[in-house]
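Below is one structure, written out as structure tokens; comments come after it.
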Amino acid sequence: MQGLILAAGASRRLYPLTKNTPKCLLNIGGLPILSHQLNALKKYGINEVIIVLGYYKEMIIDYINKNHTEMTFKFITNEYYLDTNTSYSAYLCKDLLSLSETLLMNGDVLYPPQLLKQIIDSEYDTVLAVDIKKCGDEEVKVIVDNKRIVSIGKELDIENSL
């Protein structure tokens with residue numbers, strides 16, 4: 001199994017915090033979000049990781065090369081990160097996705113490491129972790145019918161979404 005982390009975005013909504021730092025390198029609890037994710041992957045035996053970069057990509061590569069040398073990385077650059085979204089970043093990896101089962105993560109999401117174990121151990125071929133809570137306008141939302149996702153996107157009706 002390989003990890004795929006989408007970390008290309010500029011995170012303009014978080015300015016000034018992300019004016020000079022990519023969101024995945026923001027410190028949470030003593031470590032950047034990216035390190036929390038990489039440590040969780042490593043904990044469950046996932047040592048090969050694809051990372052899609054754009055905004056401050058050199059800063060992220062430098063951080064990884066200094067702090068996560070025990071893992072193997074493939075870096076993909078989304079040159080159009082200011083104009084595209086996560087779907088395009090994932091599309092850039094299409095040739096690498098067929099090489100192994102892939103655990104896809106957004107580089108700006110913090111979660112308990114045990115969540116990865118639940119996903120890895122799932123009986124289903126395709127799994128999406130969904131935080132069931134009241135959603136805001138900017139969040140990616142899903143509509144579920146009997147544990148099956150029928151729609152996903154930011155534009156979905158808040159009242160009928162998770």
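By order of appearance in the structure tokens: chains A, B, ..., then residues from 1 within every chain, and ligands from 1 in the order shown.
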All helix (DSSP H, G or I) positions in chain A, as a VMD selection string: chain A and resid 12 to 14 23 to 25 33 to 43 57 to 67 86 to 91 94 to 97 114 to 120 158 to 160
Test item: residues at most 9 Å from stretch 63-69 of chain A, only C-alpha atoms, excluding those fewer than 6 positions along its chain, as a tab-separated table (two decimals) with N, CA, C and O atoms, in the first residue's frame:
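Written output follows (selection-v6.tsv):
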chain	number	residue	atom	x	y	z
A	25	LEU	N	2.56	22.43	6.66
A	25	LEU	CA	3.68	22.62	7.59
A	25	LEU	C	3.31	23.48	8.80
A	25	LEU	O	4.17	23.81	9.62
A	34	LEU	N	1.83	17.68	8.32
A	34	LEU	CA	2.43	16.68	7.45
A	34	LEU	C	3.16	15.60	8.26
A	34	LEU	O	3.07	14.41	7.94
A	35	SER	N	3.88	15.97	9.29
A	35	SER	CA	4.57	14.99	10.11
A	35	SER	C	3.59	14.09	10.85
A	35	SER	O	3.82	12.88	10.98
A	38	LEU	N	2.56	11.61	8.16
A	38	LEU	CA	3.63	10.67	7.80
A	38	LEU	C	3.93	9.70	8.94
A	38	LEU	O	4.17	8.51	8.70
A	39	ASN	N	3.88	10.18	10.18
A	39	ASN	CA	4.09	9.29	11.32
A	39	ASN	C	2.99	8.24	11.41
A	39	ASN	O	3.25	7.08	11.74
Test item: residues at most 7 Å from stretch 88-100 of chain A, only C-alpha atoms, excluding those fewer than 2 positions along its chain, as JSON, numbers by chain: {"A": [1, 2, 6, 52, 78, 84, 85, 86, 102]}
Write the residues you've just listed into a file as an mmCIF file, in the first residue's frame, and include N, CA and C atoms for each of them.
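Wrote result_25.cif, looks like this:
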data_model
loop_
_atom_site.group_PDB
_atom_site.id
_atom_site.type_symbol
_atom_site.label_atom_id
_atom_site.label_comp_id
_atom_site.auth_asym_id
_atom_site.auth_seq_id
_atom_site.Cartn_x
_atom_site.Cartn_y
_atom_site.Cartn_z
ATOM 1 N N MET A 1 0.852 -1.178 0.000
ATOM 2 C CA MET A 1 0.000 0.000 0.000
ATOM 3 C C MET A 1 0.894 1.237 0.000
ATOM 4 N N GLN A 2 0.434 2.266 -0.717
ATOM 5 C CA GLN A 2 1.157 3.540 -0.761
ATOM 6 C C GLN A 2 0.238 4.662 -0.280
ATOM 7 N N LEU A 6 -2.208 15.067 -0.952
ATOM 8 C CA LEU A 6 -2.434 16.228 -1.812
ATOM 9 C C LEU A 6 -2.125 17.480 -1.003
ATOM 10 N N VAL A 52 1.701 15.456 -3.852
ATOM 11 C CA VAL A 52 1.484 16.456 -4.901
ATOM 12 C C VAL A 52 1.701 17.822 -4.276
ATOM 13 N N ASN A 78 2.026 20.157 -9.165
ATOM 14 C CA ASN A 78 0.849 20.739 -9.810
ATOM 15 C C ASN A 78 1.215 22.191 -10.120
ATOM 16 N N THR A 84 -6.455 25.234 -9.934
ATOM 17 C CA THR A 84 -7.081 23.911 -9.954
ATOM 18 C C THR A 84 -7.409 23.471 -8.529
ATOM 19 N N ASN A 85 -7.982 22.269 -8.418
ATOM 20 C CA ASN A 85 -8.369 21.764 -7.105
ATOM 21 C C ASN A 85 -7.759 20.386 -6.856
ATOM 22 N N THR A 86 -8.225 19.726 -5.804
ATOM 23 C CA THR A 86 -7.654 18.439 -5.431
ATOM 24 C C THR A 86 -7.887 17.368 -6.498
ATOM 25 N N THR A 102 -3.940 2.501 -2.735
ATOM 26 C CA THR A 102 -3.518 3.850 -2.370
ATOM 27 C C THR A 102 -4.421 4.427 -1.293
#
Spatial neighbours of A:Ile149, max dist 10 Å, only C-alpha atoms, sep filter under 3 positions, as a PyMOL selection string: chain A and resi 127-128+130+142-146+152
Spatial neighbours of stretch 16-22 of chain A, max dist 12 Å, only C-alpha atoms, sep filter under 2 positions, as a list in words: Leu6, Ala7, Ala8, Gly9, Ala10, Ser11, Arg12, Arg13, Leu14, Cys24, Leu25, Leu26, Asn27, Pro32, Ile33, Leu34, Leu53, Gly54, Tyr55, Tyr56, Lys57, Glu58, Met59, Ile60, Ile61, Tyr63, Gly107 and Asp108 of chain A
Could you turn the residues from that selection into a file that holds N, CA and C atoms, as a compact mmCIF listing (two decimals), in the first residue's frame?
# COMPACT_ATOMS: atom_id res chain seq x y z
N LEU A 6 -2.21 15.07 -0.95
CA LEU A 6 -2.43 16.23 -1.81
C LEU A 6 -2.13 17.48 -1.00
N ALA A 7 -1.04 18.17 -1.35
CA ALA A 7 -0.57 19.31 -0.57
C ALA A 7 -0.14 20.46 -1.48
N ALA A 8 -0.87 20.70 -2.55
CA ALA A 8 -0.46 21.72 -3.52
C ALA A 8 -1.04 23.11 -3.26
N GLY A 9 -2.16 23.18 -2.56
CA GLY A 9 -2.91 24.44 -2.44
C GLY A 9 -2.19 25.55 -1.71
N ALA A 10 -2.62 26.79 -2.01
CA ALA A 10 -2.02 27.99 -1.42
C ALA A 10 -2.66 28.38 -0.09
N SER A 11 -3.80 27.84 0.22
CA SER A 11 -4.45 28.10 1.52
C SER A 11 -4.65 29.58 1.79
N ARG A 12 -5.14 30.28 0.82
CA ARG A 12 -5.31 31.74 0.95
C ARG A 12 -6.31 32.13 2.03
N ARG A 13 -7.26 31.25 2.33
CA ARG A 13 -8.25 31.58 3.38
C ARG A 13 -7.62 31.65 4.76
N LEU A 14 -6.44 31.08 4.92
CA LEU A 14 -5.77 31.10 6.22
C LEU A 14 -4.71 32.19 6.35
N CYS A 24 0.26 22.47 5.17
CA CYS A 24 0.68 21.17 5.70
C CYS A 24 1.86 21.28 6.65
N LEU A 25 2.56 22.43 6.66
CA LEU A 25 3.68 22.62 7.59
C LEU A 25 3.31 23.48 8.80
N LEU A 26 2.03 23.81 8.95
CA LEU A 26 1.60 24.53 10.15
C LEU A 26 1.73 23.60 11.35
N ASN A 27 2.24 24.14 12.44
CA ASN A 27 2.50 23.37 13.64
C ASN A 27 1.22 23.16 14.45
N PRO A 32 4.37 19.68 12.53
CA PRO A 32 3.57 20.08 11.38
C PRO A 32 2.52 19.00 11.05
N ILE A 33 1.41 19.42 10.49
CA ILE A 33 0.35 18.49 10.08
C ILE A 33 0.94 17.37 9.25
N LEU A 34 1.83 17.68 8.32
CA LEU A 34 2.43 16.68 7.45
C LEU A 34 3.16 15.60 8.26
N LEU A 53 2.61 18.58 -4.88
CA LEU A 53 3.03 19.87 -4.35
C LEU A 53 2.77 20.99 -5.34
N GLY A 54 2.77 22.20 -4.82
CA GLY A 54 2.62 23.39 -5.64
C GLY A 54 3.15 24.58 -4.86
N TYR A 55 2.31 25.12 -3.98
CA TYR A 55 2.63 26.27 -3.14
C TYR A 55 3.79 25.92 -2.20
N TYR A 56 4.87 26.70 -2.27
CA TYR A 56 6.06 26.49 -1.44
C TYR A 56 6.56 25.05 -1.49
N LYS A 57 6.58 24.48 -2.67
CA LYS A 57 6.96 23.06 -2.79
C LYS A 57 8.38 22.81 -2.30
N GLU A 58 9.31 23.72 -2.55
CA GLU A 58 10.70 23.52 -2.11
C GLU A 58 10.78 23.45 -0.59
N MET A 59 9.97 24.25 0.11
CA MET A 59 9.96 24.25 1.57
C MET A 59 9.49 22.88 2.10
N ILE A 60 8.49 22.31 1.45
CA ILE A 60 7.96 21.01 1.87
C ILE A 60 8.98 19.90 1.59
N ILE A 61 9.57 19.92 0.41
CA ILE A 61 10.58 18.91 0.06
C ILE A 61 11.76 18.99 1.03
N TYR A 63 11.75 20.11 4.10
CA TYR A 63 11.30 19.62 5.40
C TYR A 63 11.30 18.08 5.43
N GLY A 107 -3.44 17.08 2.50
CA GLY A 107 -2.31 17.46 3.32
C GLY A 107 -2.61 18.44 4.44
N ASP A 108 -3.86 18.87 4.53
CA ASP A 108 -4.22 19.85 5.57
C ASP A 108 -5.20 19.29 6.59
Exercise: A:Ile46 partners within 8 Å, only C-alpha atoms, chain neighbours under 2 positions left out, as an NGL selection string: :A and (1-3 or 41-44 or 48-49)
Nearest-residue call for A:Asp157, choices A:Leu115, A:Ile51, A:Cys135, A:Leu103, using only C-alpha atoms: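 Once distances to A:Asp157 are computed over only C-alpha atoms, the minimum belongs to A:Cys135.
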A:Leu104, A:Val109, A:Ile28, A:Ala40 ranked by distance to A:Asp131, top pick (using only C-alpha atoms): A:Val109
